[in-house]
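A.B. asks: Quick one: structure below, then a few questions.
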Amino acid sequence: MKTSNKLISVEEIDNYLLVKTEEAQFQVYFLDENIIRLRGTFKEEFERESSYALVKTAWKDQLDDFFKNERKTVEGLPFELLKTEKGYSARADKYSLEINADPFFFKILDENGNILHQDVPERSFLQNDLGQSYHYSVIEDESKFYGFGEKSGLLNKYRRHMRMHNTDSLGWDAELSDPLYKMIPFYINFNSKKNLAHGLFYNNAYDSAFDIDCEHSNYWPKYSFFEADGGDLDLFFIGGPTIKEVVEHYTDLTGKSVMQPLASFGYMGSTMFYTELDQDSDQAILDFVDTCKENEIPIDGFFLSSGYTSKEDGKRYVFNWNYKRFPDPGKFVEDLKERGVLLAPNIKPAMLVSHPLTEEFESHNAYIKTPDLQNFQKDRYWGGKAHFVDFTGASGREIWEKKMNEQLLSLGITNIWNDNNEYEISENQAIAEAEGLKKPIAALKPIMSMMMAKTAQEAILKHSGNVRPYLTNRAGFAGIQRYAQTWAGDNWTSWKSLKYNVPTILGMGLSGVANQGCDIGGFDGPAPEPELFVRWVQNGIFQPRFSIHSCNTDNTVTEPWMYPSYTKFIREAIKLRYRLAPYFYSLLYEASIKGSPIMRPLVYEFQNDLQVAEESFEFMLGPSLLVANVLEKNQTLKKVYLPKGSDWYNLVTFEAFRGGQTIEIPVNLSSIPMFLRSGSVLVEAPELMNLHKDSISLLQLTIEPSVDSEFTLYEDDGESLNYKNGESLLTKIRTKPAVADTEIQFEKNGSYQTKLQDLRVNVLCPKISPLSIKLEGRELTRFLRTSKFEEAQEGWFYDGEKQQVSIKLKNPEENQFKIRIESGQKDLISI
């Protein structure tokens with residue numbers, strides 16, 4: 001076993017420190033004011049830098065040119081190195097790194113002297129005789145642990161042992177299964193007593209594991225550890241001090257979420273059933289779309305399962321069309337487009353040895369090779385033995401792109417569903433190109449799925465010009481958010497999955513992947529019972545990816561109308577989803593610039609409230625809306641904890657509640673418990689039925705104005721890349737409350753010509769009705785009859801039941817305007 005227990009030397013080299021111990025050495029970079037890199041190896045020389053995950057570096061990397069449009073190279077912060085009684089101290093900006101000499105360990109402190117991270121003395125970094133490397137960290141009783149990518153179970157992963165390994169986890173247990181499809185070796189350590197958060201990211205794509213006090217030894221301080229089967233222990237400390245800031249800084253390092261089309265927030269139909277019909281699958285799908293419209297259920301897309309690629313033997317062959325099922329694929333794509341529905345075909349990166357394109361791919365050197373480089377590696381896959389396309393080599397990417405163009409993009413398809421891309425290759429020494437570096441597949445399995453997404457993105461951009469790609473990936477590594485939306489694979493149909501899929505999504509959001517979801521209604525297993533299906537849709541409408549997808553084991557198809565007497569509940573839930581489209585799109589924009597999750601655990605927004613540190617099932621949709629869905633069978637009363645620090649308003653009854661308490665509300669099958677946060681702005685589009693064809697001409701704002709607040713509405717054309725050239729519109733909506741007045745300010749910035757024509761501004765006024773309302777100093781007409789108000793184009797009406805004022809106006813052309821609500825009491829008696 002190799003250890004690192006005694007410091008040998010510390011040397012300043014250019015912009016980093018070289019730290020050597022008896023059997024390990026480390027490079028230390030202060031990348032920026034929030035990120036410290038501690039890169040360790042037990043080899044005599046560091047391997048050449050070649051990271052697929054990073055978009056920010058302060059060192060030369062072999063892949064800099066490959067990622068030239070994504071990666072930024074910075075100088076790194078200067079630091080001051082001092083000799084201390086126990087070793088050395090290096091300080092730069094907000095954080096200092098202490099290097100203890102004997103025993104050797106690192107300690108990171110903030111500017112107030114709080115210890116944020118410390119290695120376990122005498123057990124900091126080690127490598128066992130199998131070549132597995134370990135890093136041990138001291139943890140505290142008050143700490144909570146969030147993130148770790150795609151994981152089952154509760155939000156806080158304390159006392160869990162979790163593997164980092166990609167698997168095809170069909171029918172996974174939402175509470176217990178591990179590992180799943182994605183591998184993101186990053187977590188947030190939140191000390192709830194000190195109210196301080198930081199993150200640790202291990203930039204290592206080998207199979208690995210985290211243990212958070214699941215393993216426990218009385219001979220050591222309480223600890224966690226990270227173990228990697230190979231590669232460097234390349235650790236990045238991510239500073240906070242808030243959870244929000246940790247996520248933002250982590251995504252500074254690995255990338256922000258890609259802006260996908262507005263229509264990606266619509267309902268995406270899907271099922272394996274239609275593409276397994278003997279013939280005329282295209283007509284079945286078109287009928288499904290038409291039936292949605294007959295039932296007044298909005299729809300914007302269809303994920304096409306891989307049955308469209310089946311040949312006579314029933315096996316899947318990527319880039320093959322089954323013409324019995326789809327006689328004219330081009331016409332089918334056009335028929336869907338005419339209905340306002342995109343098509344996202346399923347493609348898979350492993351090709352059965354019987355695939356008719358095998359020889360062509362082999363001639364292009366497109367597959368991963370055997371360890372001796374003499375043959376192409378084969379392994380188990382769906383349908384038999386298969387070769388695996390090497391997306392870390394230019395030749396593999398080129399032939400893949402060529403076939404995408406010929407078979408899919410040439411039909412007008414600009415949306416791709418990357419599936420079954422976990423790269424479960426058992427021969428770990430099989431060789432991948434790795435941009436000419438020739439690395440074992442063990443070092444790159446989760447990278448392959450990410451590069452598969454990058455390849456599809458670039459292929460669509462080359463072929464379709466200015467059209468914005470829409471990609472969905474099942475597997476991935478840190479940074480997958482730069483290219484694709486993700487989903488958590490083939491979940492099991494059960495009440496437990498409905499419930500525990502929530503913290504799985506929340507954990508992904510804290511791991512930098514803001515745009516993700518789970519199959520609604522359950523993928524694997526029998527059809528969901530009616531109540532379960534309703535509750536799943538009511539919950540699923542808040543997930544960034546909303547798709548009802550199924551492969552039911554009882555010969556049924558999970559469709560919105562499968563239980564006719566319950567269809568009204570499904571319809572109303574999906575319509576609510578569409579009302580929230582401008583809110584979702586604005587949240588995606590925020591994710592693209594700050595890395596913020598769309599679905600957020602309560603602790604993300606209310607870190608000061610210790611009651612929410614363990615909450616796994618209630619969540620915030622953006623900053624404004626608390627969602628406490630019904631997740632239990634036969635529930636008629638729902639307990640809801642409302643975080644302290646805000647007041648809350650039931651969006652059904654508009655009853656007001658103080659934060660910091662648990663309330664109990666009655667629920668029925670139509671209930672979707674939602675609470676508006678004080679100081680919030682919620683934007684909705686009431687009349688949307690299709691995001692491809694309907695313009696957002698009417699915008700409804702619901703504002704709680706008791707405290708200063710701000711929300712940024714984001715608009716662009718929703719489908720092109722013009723936003724990258726500045727063709728977007730940001731409207732900052734601010735509220736400024738005073739003793740008797742409230743001012744709502746609107747400030748527009750950008751060149752996009754909005755299609756908004758009308759605004760309806762609903763402002764909560766629970767204490768008193770306004771006396772007057774003015775738009776830029778001009779008094780608006782007050783209506784005392786609802787019917788007269790609804791007929792008018794401009795004016796206001798006070799709803800005493802909801803205790804809110806509703807204001808109607810045409811969207812002003814001016815870039816800045818304000819609405820002033822005057823609420824002084826009018827004396828009707830005194831003379």
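Letters A, B, ... go to the chains of the structure tokens in the order shown; residues in each chain start at 1; ligands are counted from 1 in the same order.
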When DSSP is applied to the backbone of this structure, which of range 122-296 of chain A are assigned helix (DSSP H, G or I)? Write them out as a PyMOL selection string.

C.D. replies: chain A and resi 243-254+262-265+272-275+281-294

A.B. asks: Which of these, A:Leu253, A:Leu784, A:Leu771, A:Leu7, has the shortest distance to Ile238 in chain A once you count only C-alpha atoms?

C.D. replies: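 Smallest separation from Ile238 in chain A among the options: A:Leu253.
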
A.B. asks: Could you tell me how far CA of Gly595 in chain A sits from CA of Leu235 in chain A, in Å to one decimal place?

C.D. replies: 20.3 Å

A.B. asks: Within range 385-485 of chain A, find each residue whose DSSP state, derived from the backbone, is strand (DSSP E), and express the selection as an MDAnalysis selection string.

C.D. replies: chainID A and resid 385:388 415:418 431:432 439:440 470:473 476:477 485

A.B. asks: Write out as a Markdown table the residues of range 431-497 of chain A that have any atom within 12 Å of an atom of range 59-63 of chain A, one row each with the nearest atom pair and its distance in Å to one decimal, counting only C-alpha atoms, sorted by chain and then rising number.

C.D. replies:
```
| residue | atom | partner | partner_atom | distance |
| --- | --- | --- | --- | --- |
| A:Ala434 | CA | A:Leu63 | CA | 9.4 |
| A:Glu435 | CA | A:Leu63 | CA | 7.6 |
| A:Gly436 | CA | A:Gln62 | CA | 9.6 |
| A:Leu437 | CA | A:Gln62 | CA | 8.9 |
```

A.B. asks: Skipping near chain neighbours, those fewer than 6 positions away, what residues fall within 6 Å of Arg600 in chain A using only C-alpha atoms, listed as a PyMOL selection string?

C.D. replies: chain A and resi 506+619-620

A.B. asks: Could you take the residues named above and write them with N, CA, C and O atoms, as a compact mmCIF listing (two decimals), in the first residue's frame?

C.D. replies:
```
# COMPACT_ATOMS: atom_id res chain seq x y z
N LEU A 506 -34.06 16.28 -7.60
CA LEU A 506 -33.49 17.38 -6.81
C LEU A 506 -31.99 17.22 -6.65
O LEU A 506 -31.24 18.19 -6.72
N PHE A 619 -40.74 20.75 -2.74
CA PHE A 619 -39.67 21.41 -3.47
C PHE A 619 -40.16 22.77 -3.96
O PHE A 619 -41.35 23.07 -3.95
N MET A 620 -39.21 23.58 -4.38
CA MET A 620 -39.50 24.85 -5.02
C MET A 620 -39.37 24.69 -6.52
O MET A 620 -38.42 24.06 -7.01
```

A.B. asks: Which residues are close to Gln793 in chain A, i.e. within 10 Å by only C-alpha atoms, leaving aside same-chain residues fewer than 4 positions away? Reply as a list in words.

C.D. replies: Asp758, Leu759, Phe789, Ile807, Lys808, Leu809 and Lys810 of chain A

A.B. asks: Any chance you can output those residues with all heavy atoms as a short mmCIF file (atom, residue, chain, number, x, y, z; two decimals), in the first residue's frame?

C.D. replies:
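As written to disk, part-v2.cif reads:
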```cif
data_model
loop_
_atom_site.label_atom_id
_atom_site.label_comp_id
_atom_site.auth_asym_id
_atom_site.auth_seq_id
_atom_site.Cartn_x
_atom_site.Cartn_y
_atom_site.Cartn_z
N ASP A 758 -50.70 41.64 -24.38
CA ASP A 758 -51.51 42.01 -23.23
C ASP A 758 -50.88 41.48 -21.94
O ASP A 758 -50.33 40.36 -21.91
CB ASP A 758 -52.93 41.44 -23.36
CG ASP A 758 -53.65 41.99 -24.56
OD1 ASP A 758 -54.09 43.15 -24.51
OD2 ASP A 758 -53.76 41.25 -25.57
N LEU A 759 -50.99 42.29 -20.90
CA LEU A 759 -50.53 41.90 -19.57
C LEU A 759 -51.72 41.87 -18.62
O LEU A 759 -52.60 42.75 -18.68
CB LEU A 759 -49.49 42.88 -19.03
CG LEU A 759 -48.18 43.01 -19.81
CD1 LEU A 759 -47.29 44.06 -19.16
CD2 LEU A 759 -47.46 41.67 -19.89
N PHE A 789 -65.26 44.37 -16.36
CA PHE A 789 -63.79 44.31 -16.34
C PHE A 789 -63.27 43.36 -17.42
O PHE A 789 -62.32 43.67 -18.14
CB PHE A 789 -63.31 43.85 -14.96
CG PHE A 789 -61.83 43.62 -14.86
CD1 PHE A 789 -60.93 44.67 -15.01
CD2 PHE A 789 -61.33 42.35 -14.62
CE1 PHE A 789 -59.55 44.45 -14.92
CE2 PHE A 789 -59.96 42.12 -14.54
CZ PHE A 789 -59.07 43.18 -14.69
N ILE A 807 -55.11 43.67 -12.73
CA ILE A 807 -54.88 44.84 -13.58
C ILE A 807 -54.70 44.36 -15.02
O ILE A 807 -53.89 43.48 -15.29
CB ILE A 807 -53.63 45.60 -13.12
CG1 ILE A 807 -53.70 45.91 -11.62
CG2 ILE A 807 -53.43 46.87 -13.93
CD1 ILE A 807 -52.37 46.31 -11.02
N LYS A 808 -55.44 44.97 -15.94
CA LYS A 808 -55.31 44.65 -17.36
C LYS A 808 -54.71 45.84 -18.10
O LYS A 808 -55.13 46.98 -17.87
CB LYS A 808 -56.67 44.29 -17.97
CG LYS A 808 -57.26 43.00 -17.45
CD LYS A 808 -58.69 42.81 -17.95
CE LYS A 808 -58.76 42.58 -19.44
NZ LYS A 808 -60.15 42.29 -19.88
N LEU A 809 -53.76 45.56 -18.98
CA LEU A 809 -53.20 46.63 -19.79
C LEU A 809 -52.55 46.05 -21.04
O LEU A 809 -52.17 44.88 -21.06
CB LEU A 809 -52.18 47.46 -19.01
CG LEU A 809 -50.91 46.77 -18.53
CD1 LEU A 809 -49.74 47.74 -18.52
CD2 LEU A 809 -51.11 46.21 -17.12
N LYS A 810 -52.43 46.88 -22.06
CA LYS A 810 -51.67 46.52 -23.23
C LYS A 810 -50.18 46.58 -22.87
O LYS A 810 -49.77 47.43 -22.09
CB LYS A 810 -51.97 47.47 -24.40
CG LYS A 810 -53.36 47.31 -24.99
CD LYS A 810 -53.50 45.95 -25.68
CE LYS A 810 -54.85 45.76 -26.31
NZ LYS A 810 -54.96 44.41 -26.95
#
```

A.B. asks: If we count only C-alpha atoms, what is near Ala344 in chain A at a cut-off of 6 Å, once residues fewer than 3 positions away on the same chain are taken out, given as a PyMOL selection string?

C.D. replies: chain A and resi 303-304+415-417

A.B. asks: Residues of the last selection are to be written out with C-alpha atoms, as a PDB file, in the first residue's frame.

C.D. replies:
```
ATOM      1  CA  PHE A 303     -40.069  10.377 -28.293  1.00  0.00           C
ATOM      2  CA  LEU A 304     -39.819   7.595 -30.870  1.00  0.00           C
ATOM      3  CA  ASN A 415     -34.169  16.346 -31.947  1.00  0.00           C
ATOM      4  CA  ILE A 416     -32.319  13.232 -30.795  1.00  0.00           C
ATOM      5  CA  TRP A 417     -32.909  10.774 -27.963  1.00  0.00           C
TER       6      TRP A 417
END
```

A.B. asks: For a quick check of understanding, using only C-alpha atoms, which of A:Arg577, A:Lys732, A:Lys402, A:Arg37 has the smallest distance to Ile460 in chain A?

C.D. replies: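 Of the candidates, the smallest distance to Ile460 in chain A is held by A:Lys402.
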
A.B. asks: Counting only C-alpha atoms, which residues of range 227-308 of chain A sit at most 12 Å from some atom of range 145-163 of chain A, and what is each one's closest atom pair with its distance in Å to one decimal, listed by chain and rising residue number, as a tab-separated table?

C.D. replies:
```
residue	atom	partner	partner_atom	distance
A:Glu227	CA	A:Arg163	CA	9.3
A:Ala228	CA	A:Arg163	CA	9.9
A:Asp229	CA	A:Arg163	CA	11.2
A:Ile243	CA	A:Tyr146	CA	9.6
A:Val246	CA	A:Gly147	CA	11.2
A:Val247	CA	A:Gly147	CA	9.8
A:Tyr250	CA	A:Gly147	CA	11.6
```

A.B. asks: Atoms to include: N, CA, C and O atoms. Write the selected residues as an mmCIF file, in the first residue's frame.

C.D. replies:
```cif
data_model
loop_
_atom_site.group_PDB
_atom_site.id
_atom_site.type_symbol
_atom_site.label_atom_id
_atom_site.label_comp_id
_atom_site.auth_asym_id
_atom_site.auth_seq_id
_atom_site.Cartn_x
_atom_site.Cartn_y
_atom_site.Cartn_z
ATOM 1 N N GLU A 227 -13.212 6.652 -3.368
ATOM 2 C CA GLU A 227 -12.293 5.626 -3.875
ATOM 3 C C GLU A 227 -12.451 5.534 -5.376
ATOM 4 O O GLU A 227 -13.573 5.468 -5.888
ATOM 5 N N ALA A 228 -11.329 5.560 -6.105
ATOM 6 C CA ALA A 228 -11.346 5.452 -7.563
ATOM 7 C C ALA A 228 -10.522 4.257 -7.993
ATOM 8 O O ALA A 228 -9.440 4.010 -7.451
ATOM 9 N N ASP A 229 -11.027 3.514 -8.982
ATOM 10 C CA ASP A 229 -10.338 2.311 -9.454
ATOM 11 C C ASP A 229 -9.101 2.622 -10.287
ATOM 12 O O ASP A 229 -8.300 1.723 -10.563
ATOM 13 N N ILE A 243 -25.438 27.157 -0.477
ATOM 14 C CA ILE A 243 -25.632 26.054 -1.414
ATOM 15 C C ILE A 243 -25.819 26.600 -2.826
ATOM 16 O O ILE A 243 -25.287 26.048 -3.798
ATOM 17 N N VAL A 246 -22.437 27.379 -4.217
ATOM 18 C CA VAL A 246 -21.670 26.173 -4.547
ATOM 19 C C VAL A 246 -22.086 25.640 -5.915
ATOM 20 O O VAL A 246 -21.244 25.306 -6.755
ATOM 21 N N VAL A 247 -23.398 25.566 -6.158
ATOM 22 C CA VAL A 247 -23.882 25.068 -7.450
ATOM 23 C C VAL A 247 -23.429 25.991 -8.578
ATOM 24 O O VAL A 247 -22.988 25.529 -9.642
ATOM 25 N N TYR A 250 -19.647 25.445 -9.058
ATOM 26 C CA TYR A 250 -19.383 24.135 -9.668
ATOM 27 C C TYR A 250 -19.684 24.162 -11.168
ATOM 28 O O TYR A 250 -18.928 23.608 -11.980
#
```

A.B. asks: Residues near Ile703 in chain A, anyone? I mean within 9 Å using only C-alpha atoms, not counting same-chain ones fewer than 3 positions away, as an mmCIF file with all heavy atoms, in the first residue's frame.

C.D. replies:
```
data_model
loop_
_atom_site.group_PDB
_atom_site.id
_atom_site.type_symbol
_atom_site.label_atom_id
_atom_site.label_comp_id
_atom_site.auth_asym_id
_atom_site.auth_seq_id
_atom_site.Cartn_x
_atom_site.Cartn_y
_atom_site.Cartn_z
ATOM 1 N N LEU A 676 -47.497 30.282 -3.027
ATOM 2 C CA LEU A 676 -46.695 31.386 -3.538
ATOM 3 C C LEU A 676 -45.925 32.019 -2.395
ATOM 4 O O LEU A 676 -46.484 32.324 -1.333
ATOM 5 C CB LEU A 676 -47.599 32.427 -4.197
ATOM 6 C CG LEU A 676 -46.895 33.578 -4.906
ATOM 7 C CD1 LEU A 676 -46.183 33.088 -6.163
ATOM 8 C CD2 LEU A 676 -47.904 34.682 -5.249
ATOM 9 N N SER A 678 -43.878 34.916 -0.428
ATOM 10 C CA SER A 678 -43.953 36.368 -0.348
ATOM 11 C C SER A 678 -42.764 36.987 -1.070
ATOM 12 O O SER A 678 -41.650 36.453 -1.061
ATOM 13 C CB SER A 678 -43.982 36.818 1.117
ATOM 14 O OG SER A 678 -42.846 36.333 1.823
ATOM 15 N N GLY A 679 -43.033 38.117 -1.727
ATOM 16 C CA GLY A 679 -41.985 38.747 -2.511
ATOM 17 C C GLY A 679 -41.702 38.058 -3.816
ATOM 18 O O GLY A 679 -40.602 38.181 -4.355
ATOM 19 N N SER A 680 -42.693 37.343 -4.340
ATOM 20 C CA SER A 680 -42.473 36.556 -5.556
ATOM 21 C C SER A 680 -43.248 37.111 -6.738
ATOM 22 O O SER A 680 -44.273 37.783 -6.590
ATOM 23 C CB SER A 680 -42.893 35.102 -5.334
ATOM 24 O OG SER A 680 -41.965 34.435 -4.526
ATOM 25 N N VAL A 681 -42.747 36.756 -7.923
ATOM 26 C CA VAL A 681 -43.419 37.039 -9.187
ATOM 27 C C VAL A 681 -43.553 35.718 -9.933
ATOM 28 O O VAL A 681 -42.555 35.052 -10.206
ATOM 29 C CB VAL A 681 -42.630 38.043 -10.044
ATOM 30 C CG1 VAL A 681 -43.342 38.284 -11.371
ATOM 31 C CG2 VAL A 681 -42.414 39.351 -9.298
ATOM 32 N N LEU A 682 -44.774 35.328 -10.221
ATOM 33 C CA LEU A 682 -45.035 34.099 -10.985
ATOM 34 C C LEU A 682 -45.619 34.492 -12.327
ATOM 35 O O LEU A 682 -46.628 35.199 -12.394
ATOM 36 C CB LEU A 682 -46.016 33.203 -10.223
ATOM 37 C CG LEU A 682 -46.347 31.853 -10.873
ATOM 38 C CD1 LEU A 682 -45.113 30.965 -10.933
ATOM 39 C CD2 LEU A 682 -47.470 31.149 -10.111
ATOM 40 N N VAL A 683 -44.972 34.045 -13.422
ATOM 41 C CA VAL A 683 -45.438 34.411 -14.765
ATOM 42 C C VAL A 683 -46.083 33.199 -15.424
ATOM 43 O O VAL A 683 -45.568 32.078 -15.353
ATOM 44 C CB VAL A 683 -44.289 34.955 -15.637
ATOM 45 C CG1 VAL A 683 -43.787 36.271 -15.080
ATOM 46 C CG2 VAL A 683 -43.145 33.972 -15.744
ATOM 47 N N THR A 735 -40.603 44.704 -7.470
ATOM 48 C CA THR A 735 -41.628 45.293 -6.606
ATOM 49 C C THR A 735 -40.948 46.088 -5.511
ATOM 50 O O THR A 735 -39.926 45.669 -4.956
ATOM 51 C CB THR A 735 -42.527 44.216 -5.966
ATOM 52 O OG1 THR A 735 -41.733 43.334 -5.171
ATOM 53 C CG2 THR A 735 -43.234 43.403 -7.040
ATOM 54 N N VAL A 761 -51.921 41.637 -14.571
ATOM 55 C CA VAL A 761 -51.082 41.653 -13.373
ATOM 56 C C VAL A 761 -51.984 41.479 -12.158
ATOM 57 O O VAL A 761 -52.810 42.350 -11.846
ATOM 58 C CB VAL A 761 -50.283 42.969 -13.279
ATOM 59 C CG1 VAL A 761 -49.349 42.928 -12.076
ATOM 60 C CG2 VAL A 761 -49.487 43.201 -14.560
ATOM 61 N N ASN A 762 -51.841 40.354 -11.492
ATOM 62 C CA ASN A 762 -52.599 40.083 -10.276
ATOM 63 C C ASN A 762 -51.696 40.319 -9.073
ATOM 64 O O ASN A 762 -50.644 39.689 -8.947
ATOM 65 C CB ASN A 762 -53.111 38.642 -10.261
ATOM 66 C CG ASN A 762 -54.045 38.348 -11.420
ATOM 67 O OD1 ASN A 762 -54.809 39.224 -11.841
ATOM 68 N ND2 ASN A 762 -53.991 37.138 -11.946
ATOM 69 N N VAL A 763 -52.115 41.221 -8.208
ATOM 70 C CA VAL A 763 -51.297 41.600 -7.052
ATOM 71 C C VAL A 763 -52.070 41.294 -5.782
ATOM 72 O O VAL A 763 -53.219 41.739 -5.616
ATOM 73 C CB VAL A 763 -50.925 43.094 -7.102
ATOM 74 C CG1 VAL A 763 -49.999 43.447 -5.935
ATOM 75 C CG2 VAL A 763 -50.257 43.437 -8.428
ATOM 76 N N LEU A 764 -51.445 40.520 -4.902
ATOM 77 C CA LEU A 764 -52.103 40.174 -3.643
ATOM 78 C C LEU A 764 -52.208 41.407 -2.758
ATOM 79 O O LEU A 764 -51.213 42.100 -2.511
ATOM 80 C CB LEU A 764 -51.334 39.073 -2.923
ATOM 81 C CG LEU A 764 -51.685 37.625 -3.338
ATOM 82 C CD1 LEU A 764 -51.370 37.368 -4.800
ATOM 83 C CD2 LEU A 764 -50.962 36.622 -2.451
#
```

A.B. asks: So, counting only C-alpha atoms, which residue among A:Asn722, A:Ser310, A:Ser787, A:Asn218 is closest to Arg325 in chain A?

C.D. replies: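 For Arg325 in chain A, the nearest of the candidates is A:Ser310.
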
A.B. asks: Of the residues A:Met164, A:Glu814, A:Cys292, A:Val120, which is the one nearest to Met562 in chain A, using only C-alpha atoms?

C.D. replies: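 Among the listed residues, the smallest separation from Met562 in chain A belongs to A:Cys292.
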
A.B. asks: Quick one: everything within 10 Å of Glu406 in chain A, counting only C-alpha atoms, minus sequence neighbours fewer than 5 positions away in the same chain. Send it as a list in words.

C.D. replies: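 Surrounding residues, per the criterion: Phe319, Glu401 and Leu411 of chain A.
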
A.B. asks: One decimal, in Å: what's the spacing between CA of Leu510 in chain A and CA of Gly540 in chain A?

C.D. replies: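 That distance, rounded to one decimal, is 18.6 Å.
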
A.B. asks: Between A:Asp93, A:Asp300, A:Glu12, A:Glu655, which is the closest to Leu77 in chain A once you count only C-alpha atoms?

C.D. replies: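 For Leu77 in chain A, the nearest of the candidates is A:Asp93.
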